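Everything below belongs to data_39.tsv, which stores TSV, C-alpha atoms.
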chain	number	residue	atom	x	y	z
X	240	HIS	CA	-3.07	-32.63	0.67
X	241	ALA	CA	-6.45	-32.64	-1.02
X	242	PRO	CA	-8.28	-29.30	-1.31
X	243	THR	CA	-11.06	-28.81	1.24
X	244	THR	CA	-14.52	-27.40	0.64
X	245	HIS	CA	-13.93	-24.41	2.94
X	246	PRO	CA	-10.14	-23.90	3.05
X	247	TYR	CA	-10.25	-20.45	4.66
X	248	GLU	CA	-11.55	-19.93	8.17
X	249	GLY	CA	-10.92	-17.49	10.98
X	250	ASP	CA	-8.47	-14.67	10.34
X	251	PRO	CA	-7.42	-15.65	6.78
X	252	PHE	CA	-11.08	-15.57	5.75
X	253	SER	CA	-11.56	-12.11	7.28
X	254	TYR	CA	-8.33	-10.86	5.64
X	255	LEU	CA	-9.66	-11.99	2.27
X	256	MET	CA	-12.95	-10.18	2.83
X	257	ILE	CA	-11.23	-6.99	3.97
X	258	ALA	CA	-8.74	-7.14	1.09
X	259	ARG	CA	-11.54	-7.35	-1.46
X	260	THR	CA	-13.60	-4.54	0.06
X	261	MET	CA	-11.02	-2.12	1.46
X	262	GLY	CA	-10.95	1.39	0.07
X	263	ALA	CA	-8.28	3.78	1.30
X	264	PHE	CA	-5.22	2.22	2.90
X	265	TYR	CA	-5.70	4.23	6.11
X	266	GLU	CA	-9.44	3.74	6.49
X	267	PRO	CA	-10.57	2.86	10.04
X	268	SER	CA	-10.77	-0.90	10.50
X	269	VAL	CA	-10.61	-3.64	13.11
X	270	ARG	CA	-7.58	-4.98	11.25
X	271	GLU	CA	-4.31	-3.17	10.64
X	272	PRO	CA	-4.03	-2.41	6.91
X	273	LEU	CA	-0.66	-3.77	5.74
X	274	PHE	CA	-1.48	-7.47	5.48
X	275	PRO	CA	-4.89	-6.93	3.78
X	276	ALA	CA	-3.26	-4.46	1.36
X	277	LEU	CA	-0.54	-6.96	0.44
X	278	THR	CA	-3.23	-9.61	0.10
X	279	ARG	CA	-5.13	-7.32	-2.28
X	280	VAL	CA	-2.02	-7.00	-4.45
X	281	ALA	CA	-1.48	-10.79	-4.36
X	282	LEU	CA	-5.12	-11.41	-5.32
X	283	THR	CA	-4.63	-9.20	-8.36
X	284	LEU	CA	-1.48	-11.10	-9.34
X	285	SER	CA	-3.22	-14.46	-8.87
X	286	GLY	CA	-6.15	-13.53	-11.08
X	287	GLY	CA	-8.51	-12.98	-8.15
X	288	ARG	CA	-8.03	-16.46	-6.71
X	289	ASP	CA	-8.01	-16.85	-2.93
X	290	ILE	CA	-4.59	-18.50	-3.07
X	291	GLY	CA	-3.08	-15.02	-3.37
X	292	ILE	CA	-3.22	-14.72	0.42
X	293	ASN	CA	-1.15	-17.89	0.73
X	294	PHE	CA	1.54	-16.31	-1.43
X	295	VAL	CA	1.85	-13.40	1.02
X	296	SER	CA	2.35	-15.62	4.06
X	297	ALA	CA	4.66	-18.06	2.25
X	298	ILE	CA	6.91	-15.33	0.83
X	299	SER	CA	7.05	-13.63	4.24
X	300	SER	CA	8.08	-16.86	5.92
X	301	THR	CA	10.76	-17.47	3.30
X	302	LEU	CA	12.20	-14.01	3.86
X	303	VAL	CA	12.41	-14.72	7.60
X	304	ALA	CA	15.28	-17.07	6.77
X	305	LEU	CA	17.24	-14.14	5.31
X	306	VAL	CA	16.67	-11.80	8.25
X	307	THR	CA	17.44	-14.64	10.66
X	308	PHE	CA	20.82	-14.92	8.96
X	309	ALA	CA	21.26	-11.16	9.37
X	310	LEU	CA	20.30	-11.44	13.06
X	311	GLY	CA	22.83	-14.21	13.68
X	312	TYR	CA	25.47	-12.23	11.82
X	313	ARG	CA	24.80	-9.13	13.94
X	314	LEU	CA	24.77	-11.05	17.21
X	315	SER	CA	27.71	-13.33	16.51
X	316	SER	CA	28.97	-14.22	13.03
X	317	ALA	CA	28.02	-15.38	9.57
X	318	LEU	CA	28.35	-18.99	10.77
X	319	SER	CA	25.74	-18.48	13.48
X	320	GLY	CA	23.49	-16.74	10.99
X	321	ALA	CA	23.78	-19.58	8.50
X	322	ILE	CA	23.05	-22.25	11.12
X	323	ALA	CA	20.02	-20.37	12.44
X	324	ALA	CA	18.68	-19.70	8.94
X	325	PHE	CA	19.09	-23.39	8.04
X	326	LEU	CA	17.13	-24.45	11.13
X	327	TRP	CA	14.32	-22.07	10.13
X	328	THR	CA	14.15	-23.43	6.58
X	329	ILE	CA	13.62	-27.02	7.76
X	330	GLU	CA	11.11	-26.17	10.54
X	331	TRP	CA	8.10	-28.19	9.46
X	332	GLN	CA	5.58	-26.35	11.64
X	333	ALA	CA	6.74	-23.01	10.29
X	334	ILE	CA	6.53	-24.35	6.73
X	335	VAL	CA	2.97	-25.60	7.25
X	336	LEU	CA	1.89	-22.33	8.85
X	337	SER	CA	3.40	-20.35	5.99
X	338	THR	CA	1.00	-21.91	3.48
X	339	GLN	CA	-2.19	-21.01	5.32
X	340	GLY	CA	-2.56	-17.25	4.85
X	341	TRP	CA	-1.97	-15.89	8.36
X	342	ARG	CA	-0.31	-12.55	9.04
X	343	ASP	CA	1.98	-14.02	11.70
X	344	ASP	CA	4.66	-14.85	9.14
X	345	LEU	CA	4.74	-11.22	8.03
X	346	PHE	CA	4.84	-10.08	11.64
X	347	ALA	CA	7.74	-12.44	12.45
X	348	LEU	CA	9.57	-11.04	9.42
X	349	LEU	CA	9.09	-7.44	10.54
X	350	VAL	CA	9.94	-8.12	14.19
X	351	THR	CA	13.23	-9.75	13.23
X	352	THR	CA	13.96	-6.97	10.73
X	353	CYS	CA	13.34	-4.36	13.42
X	354	VAL	CA	15.73	-6.09	15.84
X	355	VAL	CA	18.44	-6.25	13.16
X	356	ALA	CA	17.86	-2.54	12.53
X	357	MET	CA	18.09	-1.80	16.26
X	358	LEU	CA	21.45	-3.54	16.44
X	359	ALA	CA	22.66	-1.62	13.39
X	360	LEU	CA	21.53	1.68	14.91
X	361	ARG	CA	23.26	0.85	18.18
X	362	ARG	CA	26.60	0.46	16.43
X	363	SER	CA	26.24	3.05	13.63
X	364	PRO	CA	23.56	5.61	14.46
X	365	ASP	CA	22.94	7.77	11.41
X	366	ARG	CA	20.15	8.75	9.04
X	367	LEU	CA	20.27	5.43	7.23
X	368	THR	CA	19.97	3.17	10.27
X	369	GLY	CA	17.41	5.49	11.87
X	370	SER	CA	15.29	5.48	8.72
X	371	LEU	CA	15.56	1.70	8.31
X	372	LEU	CA	14.41	1.11	11.89
X	373	GLY	CA	11.63	3.67	11.54
X	374	ILE	CA	10.28	2.22	8.30
X	375	ALA	CA	10.47	-1.36	9.59
X	376	GLY	CA	8.84	-0.31	12.86
X	377	GLY	CA	6.10	1.59	11.05
X	378	LEU	CA	5.33	-1.44	8.89
X	379	ALA	CA	5.28	-3.63	12.02
X	380	LEU	CA	2.73	-1.28	13.62
X	381	LEU	CA	0.64	-1.46	10.45
X	382	THR	CA	0.71	-5.26	10.77
X	383	ARG	CA	0.05	-5.47	14.51
X	384	LEU	CA	-0.53	-2.31	16.48
X	385	THR	CA	0.74	-4.20	19.54
X	386	SER	CA	4.24	-3.72	18.09
X	387	PHE	CA	4.66	-0.88	20.58
X	388	SER	CA	5.32	-3.67	23.10
X	389	PHE	CA	8.68	-4.50	21.49
X	390	LEU	CA	9.60	-1.24	19.74
X	391	LEU	CA	9.58	0.89	22.88
X	392	PRO	CA	11.62	-1.42	25.17
X	393	GLY	CA	13.94	-2.40	22.32
X	394	ILE	CA	14.78	1.21	21.48
X	395	ALA	CA	15.13	2.00	25.19
X	396	ALA	CA	17.70	-0.80	25.51
X	397	VAL	CA	19.58	0.57	22.50
X	398	LEU	CA	19.77	3.98	24.15
X	399	LEU	CA	20.53	2.90	27.72
X	400	LEU	CA	23.08	0.11	27.26
X	401	PRO	CA	26.73	0.93	26.55
X	402	ALA	CA	27.51	1.09	22.83
X	403	PRO	CA	30.39	1.94	20.47
X	404	ALA	CA	28.55	5.10	19.36
X	405	SER	CA	27.77	8.06	21.59
X	406	ARG	CA	24.40	8.26	23.30
X	407	GLY	CA	23.67	11.58	21.63
X	408	ASP	CA	24.04	10.07	18.17
X	409	ARG	CA	21.83	7.16	19.17
X	410	VAL	CA	19.15	9.47	20.53
X	411	ARG	CA	19.08	11.49	17.30
X	412	ALA	CA	18.87	8.34	15.14
X	413	ALA	CA	16.14	6.91	17.40
X	414	GLY	CA	14.24	10.20	17.11
X	415	LEU	CA	14.35	9.91	13.32
X	416	ALA	CA	13.08	6.32	13.63
X	417	ALA	CA	10.21	7.49	15.83
X	418	LEU	CA	9.31	10.14	13.26
X	419	TRP	CA	9.13	7.53	10.50
X	420	MET	CA	6.91	5.33	12.67
X	421	LEU	CA	4.61	8.25	13.37
X	422	LEU	CA	4.38	9.13	9.69
X	423	LEU	CA	3.58	5.56	8.69
X	424	ALA	CA	1.31	4.35	11.51
X	425	GLY	CA	-0.07	7.66	12.78
X	426	PRO	CA	-2.71	8.12	10.04
X	427	PHE	CA	-4.24	4.71	10.77
X	428	MET	CA	-4.44	5.44	14.50
X	429	ALA	CA	-5.94	8.84	13.75
X	430	ALA	CA	-8.52	7.26	11.43
X	431	CYS	CA	-9.51	4.79	14.15
X	432	ALA	CA	-9.74	7.62	16.69
X	433	ILE	CA	-12.13	9.48	14.38
X	434	GLY	CA	-14.09	6.43	13.26
X	435	TYR	CA	-14.31	4.49	16.52
X	436	GLY	CA	-13.28	6.99	19.17
X	437	ASP	CA	-10.24	4.86	20.04
X	438	PRO	CA	-6.84	5.03	18.29
X	439	PHE	CA	-6.09	1.54	19.64
X	440	HIS	CA	-9.36	0.05	18.44
X	441	ALA	CA	-7.51	-2.65	16.47
X	442	ILE	CA	-6.14	-3.90	19.81
X	443	ASN	CA	-9.05	-3.33	22.17
X	444	VAL	CA	-11.65	-4.84	19.84
X	445	HIS	CA	-10.20	-8.28	20.57
X	446	ALA	CA	-10.69	-7.93	24.34
X	447	ALA	CA	-14.33	-8.96	24.00
X	448	PHE	CA	-13.34	-12.12	22.11
X	449	TYR	CA	-10.88	-13.28	24.77
X	450	SER	CA	-13.20	-12.33	27.63
X	451	ARG	CA	-15.97	-14.48	26.20
X	452	ARG	CA	-13.56	-17.34	25.54
X	453	ALA	CA	-12.48	-17.16	29.19
X	454	GLY	CA	-16.10	-17.48	30.30
X	455	HIS	CA	-16.72	-13.84	31.18
X	456	GLY	CA	-18.82	-11.11	29.63
X	457	ALA	CA	-17.47	-8.84	26.91
X	458	THR	CA	-15.10	-6.09	28.04
X	459	ALA	CA	-14.41	-2.70	26.48
X	460	ASN	CA	-10.61	-2.80	26.37
X	461	VAL	CA	-7.56	-4.89	27.20
X	462	SER	CA	-6.88	-3.39	30.65
X	463	GLN	CA	-10.47	-4.03	31.69
X	464	MET	CA	-10.21	-7.58	30.41
X	465	PHE	CA	-7.14	-8.41	32.50
X	466	SER	CA	-8.54	-6.77	35.63
X	467	THR	CA	-11.69	-8.86	35.21
X	468	LEU	CA	-10.02	-12.19	34.41
X	469	MET	CA	-7.08	-12.28	36.83
X	470	SER	CA	-6.02	-11.35	40.32
X	471	PRO	CA	-2.68	-9.48	40.60
X	472	TRP	CA	-0.86	-12.71	41.53
X	473	GLU	CA	-2.43	-14.63	38.67
X	474	PHE	CA	-1.46	-11.81	36.34
X	475	VAL	CA	2.20	-12.05	37.37
X	476	GLN	CA	2.28	-15.85	37.32
X	477	THR	CA	0.56	-16.12	33.93
X	478	GLY	CA	2.81	-13.48	32.41
X	479	LEU	CA	6.03	-15.08	33.62
X	480	THR	CA	5.01	-18.43	32.18
X	481	GLY	CA	3.85	-16.80	28.96
X	482	LEU	CA	7.21	-15.08	28.50
X	483	THR	CA	9.47	-17.99	29.46
X	484	SER	CA	8.56	-21.66	29.49
X	485	HIS	CA	5.47	-21.55	27.25
X	486	PRO	CA	7.00	-19.94	24.11
X	487	PHE	CA	10.16	-22.02	24.49
X	488	SER	CA	8.63	-25.44	25.14
X	489	ASN	CA	6.13	-25.33	22.28
X	490	LYS	CA	8.85	-24.94	19.64
X	491	TRP	CA	11.43	-27.36	18.18
X	492	PHE	CA	9.16	-30.27	17.22
X	493	GLY	CA	9.10	-29.27	13.55
X	494	ILE	CA	12.89	-29.32	13.31
X	495	GLY	CA	12.92	-33.04	14.06
X	496	ALA	CA	10.61	-33.79	11.13
X	497	LEU	CA	13.52	-33.83	8.66
X	498	LEU	CA	16.33	-34.92	10.98
X	499	PRO	CA	15.03	-36.93	13.97
X	500	GLY	CA	16.76	-35.94	17.19
X	501	LEU	CA	17.78	-32.52	15.91
X	502	ASP	CA	14.84	-30.94	17.73
X	503	GLU	CA	16.07	-32.02	21.17
X	504	ALA	CA	19.64	-31.07	20.34
X	505	ALA	CA	18.54	-27.62	19.16
X	506	ARG	CA	16.45	-27.13	22.30
X	507	ILE	CA	19.41	-27.89	24.58
X	508	LEU	CA	21.77	-25.74	22.52
X	509	ALA	CA	19.33	-22.82	22.62
X	510	LEU	CA	19.27	-22.97	26.41
X	511	ALA	CA	23.07	-23.03	26.46
X	512	GLY	CA	23.30	-20.09	24.07
X	513	LEU	CA	20.99	-17.73	25.95
X	514	PRO	CA	23.55	-16.96	28.72
X	515	VAL	CA	26.11	-16.19	26.01
X	516	LEU	CA	23.71	-13.67	24.46
X	517	LEU	CA	22.95	-12.16	27.86
X	518	TRP	CA	26.69	-11.56	28.29
X	519	ARG	CA	26.66	-9.28	25.23
X	520	ALA	CA	24.94	-5.90	25.00
X	521	ASP	CA	23.62	-6.72	21.51
X	522	GLY	CA	22.19	-9.94	22.90
X	523	VAL	CA	20.39	-8.10	25.69
X	524	VAL	CA	18.82	-5.71	23.16
X	525	ALA	CA	17.64	-8.66	21.07
X	526	ILE	CA	16.23	-10.58	24.03
X	527	VAL	CA	14.36	-7.52	25.35
X	528	ALA	CA	12.86	-6.78	21.94
X	529	PHE	CA	11.84	-10.35	21.11
X	530	LEU	CA	10.26	-10.87	24.53
X	531	GLY	CA	8.35	-7.63	23.98
X	532	ALA	CA	7.07	-8.96	20.66
X	533	ILE	CA	5.28	-11.86	22.34
X	534	ALA	CA	4.30	-9.94	25.48
X	535	PRO	CA	0.75	-9.22	24.24
X	536	TYR	CA	0.13	-12.99	24.16
X	537	ALA	CA	1.90	-13.81	27.42
X	538	TRP	CA	-1.42	-13.40	29.26
X	539	THR	CA	-3.70	-15.20	26.80
X	540	TRP	CA	-1.87	-18.51	26.35
X	541	ASN	CA	-4.16	-20.26	28.86
X	542	ILE	CA	-7.35	-18.92	27.24
X	543	PRO	CA	-9.01	-20.99	24.47
X	544	GLY	CA	-8.01	-19.40	21.18
X	545	GLY	CA	-5.11	-17.52	22.74
X	546	ASP	CA	-2.64	-20.37	22.87
X	547	GLU	CA	-2.09	-20.92	19.16
X	548	TRP	CA	1.46	-21.76	18.13
X	549	ARG	CA	1.61	-18.90	15.65
X	550	PHE	CA	1.33	-16.25	18.37
X	551	THR	CA	4.82	-17.02	19.65
X	552	LEU	CA	6.33	-17.46	16.18
X	553	PRO	CA	8.12	-14.05	16.26
X	554	ILE	CA	10.52	-15.15	19.02
X	555	TYR	CA	11.58	-18.33	17.20
X	556	PRO	CA	14.44	-16.66	15.25
X	557	LEU	CA	16.00	-15.61	18.57
X	558	PHE	CA	15.92	-19.18	19.87
X	559	LEU	CA	17.44	-20.51	16.63
X	560	VAL	CA	20.24	-17.92	16.76
X	561	SER	CA	20.83	-18.83	20.40
X	562	ALA	CA	21.28	-22.48	19.43
X	563	ALA	CA	23.68	-21.45	16.66
X	564	VAL	CA	25.67	-19.25	19.05
X	565	ALA	CA	26.03	-22.22	21.41
X	566	VAL	CA	27.42	-24.31	18.55
X	567	GLU	CA	29.89	-21.60	17.61
X	568	THR	CA	30.89	-21.04	21.25
X	569	GLY	CA	31.52	-24.75	21.75
X	570	TRP	CA	33.54	-24.85	18.53
X	571	GLY	CA	35.58	-21.88	19.69
X	572	ILE	CA	36.26	-23.52	23.05
X	573	SER	CA	37.49	-26.70	21.36
X	574	LEU	CA	39.78	-24.70	19.08
X	575	GLY	CA	41.06	-22.76	22.06
X	576	LEU	CA	41.91	-25.97	23.88
X	577	THR	CA	43.82	-27.26	20.85
X	578	ARG	CA	45.82	-24.06	20.50
X	579	SER	CA	46.49	-23.84	24.21
X	580	ALA	CA	47.81	-27.38	24.25
X	581	SER	CA	50.32	-26.49	21.59
X	582	ARG	CA	51.57	-23.68	23.85
X	583	ARG	CA	51.99	-26.04	26.84
X	584	ASP	CA	49.53	-24.23	29.03
X	585	SER	CA	46.69	-26.70	28.49
X	586	GLY	CA	46.04	-27.17	32.22
X	587	ARG	CA	45.18	-23.53	32.77
X	588	ALA	CA	43.14	-23.38	29.55
X	589	ILE	CA	41.19	-26.52	30.46
X	590	ALA	CA	40.30	-25.03	33.84
X	591	ARG	CA	39.19	-21.77	32.22
X	592	TYR	CA	37.03	-23.43	29.59
X	593	ALA	CA	35.60	-25.92	32.09
X	594	ALA	CA	34.49	-22.98	34.22
X	595	THR	CA	32.94	-21.37	31.15
X	596	ALA	CA	31.13	-24.59	30.24
X	597	ALA	CA	29.84	-24.94	33.81
X	598	LEU	CA	28.53	-21.36	33.71
X	599	LEU	CA	26.76	-22.00	30.40
X	600	ALA	CA	25.25	-25.23	31.74
Would you mind giving the structure from this file in structure tokens?
Amino acid sequence: HAPTTHPYEGDPFSYLMIARTMGAFYEPSVREPLFPALTRVALTLSGGRDIGINFVSAISSTLVALVTFALGYRLSSALSGAIAAFLWTIEWQAIVLSTQGWRDDLFALLVTTCVVAMLALRRSPDRLTGSLLGIAGGLALLTRLTSFSFLLPGIAAVLLLPAPASRGDRVRAAGLAALWMLLLAGPFMAACAIGYGDPFHAINVHAAFYSRRAGHGATANVSQMFSTLMSPWEFVQTGLTGLTSHPFSNKWFGIGALLPGLDEAARILALAGLPVLLWRADGVVAIVAFLGAIAPYAWTWNIPGGDEWRFTLPIYPLFLVSAAVAVETGWGISLGLTRSASRRDSGRAIARYAATAALLA
């Protein structure tokens, strides 16, 4: 691709400007500080060239492959993790996005890391898992303050669902995680409260943008925006679509760029794998958390500027793991049939696995 005259527009351009002018890490700003701070470091390493911001997004996207493997391993096995990580590494749309300097790659990395940490805390709640979740969650909040939308329901699912560890141990570890999040993200929210009179200024400042794009006047905050743009029924209908069919249907195409036909196969397998994940407590935790990660954009997908593919990127690792789990489940069923046949009870086994396959379908 030939270089363009103005390669940086929109958010990457503003990140570059903020990175070059930012003072203290926790100074009040319309942008959360982690991505601009990392960009500032990358600019130093690249000799001041703008391409430093591309390094941040590309490295973040590459690391998503590793945490996707960890997610698949936690939810099923190393095989599922490897399959899901492979699908991420050949996803052409994700590769293209990773070279452009957006913060969505970093956010996808931190969301997936947080979910892995939630699953680890659920099984082994201690100071280590609590601290890991808290640090990852704090960094996610410093990337997008909307991360509360997946951290709160995800941790609630960890505490409420049955688990190998006692609920008391999980509550104590979750409390430690919350403390870490407060220590990391609290100063930025406090700075915004002092500087702008709103600790959630980094969220509410974008309400005016979306209101204008939807053809209405500027609004002061997100709640006012939604009450102005939608009736209660439209709010429910838009949100359901934004959490289900929209983020699922706009994926997969990049997987077929390397291996034609693999995109459709992966899409079908992901649908088959979701019921398997719902059957497992770890899977429910993951689904709740990943849906929470894209919830802030579930009501903007039909607004110009709010339907960009990158906004639903954080849930992609879950879909890829779901497809991998379907592959592993199907493989396990076939092995079970073979072993059952050797024990002369193939008729009963066939009926059992046929019922399972029908349920998955």
- Query: Contacts of Ala304 in chain X at 9 Å or less, counting only C-alpha atoms, minus same-chain residues fewer than 5 places along, as a ChimeraX atom specification?
  - Reply: /X:309,323-328,348,556
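The space separating CA of Ala276 in chain X from CA of Phe264 in chain X comes to 7.1 Å.
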- Query: From the set X:Pro553, X:Gly291, X:Gly320, X:Gly311, which residue has the shortest atom-to-atom contact distance to Ser386 in chain X, counting only C-alpha atoms?
  - Reply: X:Pro553
- Item | One-decimal distance in Å that lies between CA of Leu530 in chain X and CA of Phe389 in chain X | 7.2 Å
- Item | Nearest residue to Asp408 in chain X from the set X:Glu473, X:Asp365, X:Asp437, X:Glu567 (distances using all atoms listed in the file) |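 Distance minimum relative to Asp408 in chain X lands on X:Asp365.
Take the candidates X:His440, X:Lys490, X:His485, X:Arg270 and check each one against Leu381 in chain X using only C-alpha atoms; the shortest distance goes to X:Arg270.
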- Query: Between X:Thr382, X:Ser363, X:Ser319, X:Thr568, which is the closest to Ala402 in chain X once you count all atoms listed in the file?
  - Reply: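 Residue with the minimum atom-to-atom distance to Ala402 in chain X: X:Ser363.
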- Query: When distances are computed from only C-alpha atoms, which of X:Leu391, X:Ile554, X:Leu277, X:Leu305 shows the smallest separation from Ala532 in chain X?
  - Reply: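 Smallest distance to Ala532 in chain X is found for X:Ile554.
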If the box runs along x, y and z of the file and leaves 4 Å on each side of range 270-289 of chain X, what are its centre and edge lengths in Å, one decimal, as lines of an AutoDock Vina configuration file?
center_x = -4.5
center_y = -9.6
center_z = 0.1
size_x = 16.0
size_y = 22.4
size_z = 30.3
Set the distance at 12 Å and use only C-alpha atoms: which residues neighbour Met420 in chain X once local chain neighbours fewer than 5 positions away are removed? I'd like the list as a JSON list (two decimals) with C-alpha atoms, in the frame of the given file.
[["chain", "number", "residue", "atom", "x", "y", "z"],
["X", 353, "CYS", "CA", 13.34, -4.36, 13.42],
["X", 369, "GLY", "CA", 17.41, 5.49, 11.87],
["X", 370, "SER", "CA", 15.29, 5.48, 8.72],
["X", 371, "LEU", "CA", 15.56, 1.70, 8.31],
["X", 372, "LEU", "CA", 14.41, 1.11, 11.89],
["X", 373, "GLY", "CA", 11.63, 3.67, 11.54],
["X", 374, "ILE", "CA", 10.28, 2.22, 8.30],
["X", 375, "ALA", "CA", 10.47, -1.36, 9.59],
["X", 376, "GLY", "CA", 8.84, -0.31, 12.86],
["X", 377, "GLY", "CA", 6.10, 1.59, 11.05],
["X", 378, "LEU", "CA", 5.33, -1.44, 8.89],
["X", 379, "ALA", "CA", 5.28, -3.63, 12.02],
["X", 380, "LEU", "CA", 2.73, -1.28, 13.62],
["X", 381, "LEU", "CA", 0.64, -1.46, 10.45],
["X", 384, "LEU", "CA", -0.53, -2.31, 16.48],
["X", 386, "SER", "CA", 4.24, -3.72, 18.09],
["X", 387, "PHE", "CA", 4.66, -0.88, 20.58],
["X", 390, "LEU", "CA", 9.60, -1.24, 19.74],
["X", 391, "LEU", "CA", 9.58, 0.89, 22.88],
["X", 413, "ALA", "CA", 16.14, 6.91, 17.40],
["X", 414, "GLY", "CA", 14.24, 10.20, 17.11],
["X", 415, "LEU", "CA", 14.35, 9.91, 13.32],
["X", 425, "GLY", "CA", -0.07, 7.66, 12.78],
["X", 426, "PRO", "CA", -2.71, 8.12, 10.04],
["X", 427, "PHE", "CA", -4.24, 4.71, 10.77],
["X", 428, "MET", "CA", -4.44, 5.44, 14.50]]
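Each of X:Gly493, X:Gly500, X:Pro275, X:Gly249 was checked against Leu345 in chain X using all atoms listed in the file; the smallest atom-to-atom distance is that of X:Pro275.
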- Message: Can you tell me which residues surround Ser300 in chain X at a distance of at most 12 Å, considering all atoms listed in the file, apart from same-chain residues fewer than 4 positions away, and format the answer as a PyMOL selection string?
- Response: chain X and resi 293-296+304-307+324+327-349+351+549+552-553+555-556
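Applying the 9 Å criterion to (16.2, 3.3, 20.0) in file coordinates and using all atoms listed in the file, one obtains the residues Met357, Leu360, Arg361, Gly369, Leu372, Leu390, Leu391, Pro392, Gly393, Ile394, Ala395, Ala396, Val397, Leu398, Leu399, Arg409, Val410, Ala412, Ala413, Gly414, Ala416 and Ala417 of chain X.
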Polymer residues at most 7 Å from Leu513 in chain X, all atoms listed in the file, same-chain spacing of 4 or more positions, as a PDB file with C-alpha atoms, in the coordinates of the input:
ATOM      1  CA  ALA X 509      19.330 -22.820  22.620  1.00  0.00           C
ATOM      2  CA  LEU X 517      22.950 -12.160  27.860  1.00  0.00           C
ATOM      3  CA  SER X 561      20.830 -18.830  20.400  1.00  0.00           C
TER       4      SER X 561
END
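Here CA of Thr483 in chain X stands at a distance of 18.4 Å from CA of Trp518 in chain X.
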- Quick one: residues within 9 Å of Pro535 in chain X, all atoms listed in the file counted, chain neighbours fewer than 3 positions away excluded, as a list in words?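 These residues fall inside the cut-off: Thr385, Ser386, Ser388, Gly531, Ala532, Trp538 and Thr539 of chain X.
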All heavy atoms of range 317-321 of chain X from block above, as an mmCIF file, in the first residue's frame:
data_model
loop_
_atom_site.group_PDB
_atom_site.id
_atom_site.type_symbol
_atom_site.label_atom_id
_atom_site.label_comp_id
_atom_site.auth_asym_id
_atom_site.auth_seq_id
_atom_site.Cartn_x
_atom_site.Cartn_y
_atom_site.Cartn_z
ATOM 1 N N ALA X 317 -6.378 -26.903 25.762
ATOM 2 C CA ALA X 317 -5.317 -26.293 24.964
ATOM 3 C C ALA X 317 -5.630 -26.381 23.475
ATOM 4 O O ALA X 317 -5.272 -25.486 22.697
ATOM 5 C CB ALA X 317 -3.981 -26.970 25.265
ATOM 6 N N LEU X 318 -6.311 -27.458 23.061
ATOM 7 C CA LEU X 318 -6.684 -27.594 21.651
ATOM 8 C C LEU X 318 -7.619 -26.473 21.221
ATOM 9 O O LEU X 318 -7.417 -25.845 20.178
ATOM 10 C CB LEU X 318 -7.342 -28.954 21.416
ATOM 11 C CG LEU X 318 -7.893 -29.198 20.008
ATOM 12 C CD1 LEU X 318 -6.772 -29.138 18.978
ATOM 13 C CD2 LEU X 318 -8.631 -30.531 19.928
ATOM 14 N N SER X 319 -8.646 -26.216 22.030
ATOM 15 C CA SER X 319 -9.570 -25.127 21.702
ATOM 16 C C SER X 319 -8.838 -23.794 21.680
ATOM 17 O O SER X 319 -9.083 -22.945 20.810
ATOM 18 C CB SER X 319 -10.707 -25.083 22.725
ATOM 19 O OG SER X 319 -11.571 -26.188 22.576
ATOM 20 N N GLY X 320 -7.943 -23.592 22.625
ATOM 21 C CA GLY X 320 -7.180 -22.357 22.645
ATOM 22 C C GLY X 320 -6.327 -22.177 21.409
ATOM 23 O O GLY X 320 -6.254 -21.081 20.842
ATOM 24 N N ALA X 321 -5.703 -23.259 20.969
ATOM 25 C CA ALA X 321 -4.838 -23.183 19.789
ATOM 26 C C ALA X 321 -5.648 -22.898 18.525
ATOM 27 O O ALA X 321 -5.238 -22.092 17.673
ATOM 28 C CB ALA X 321 -4.058 -24.484 19.635
#
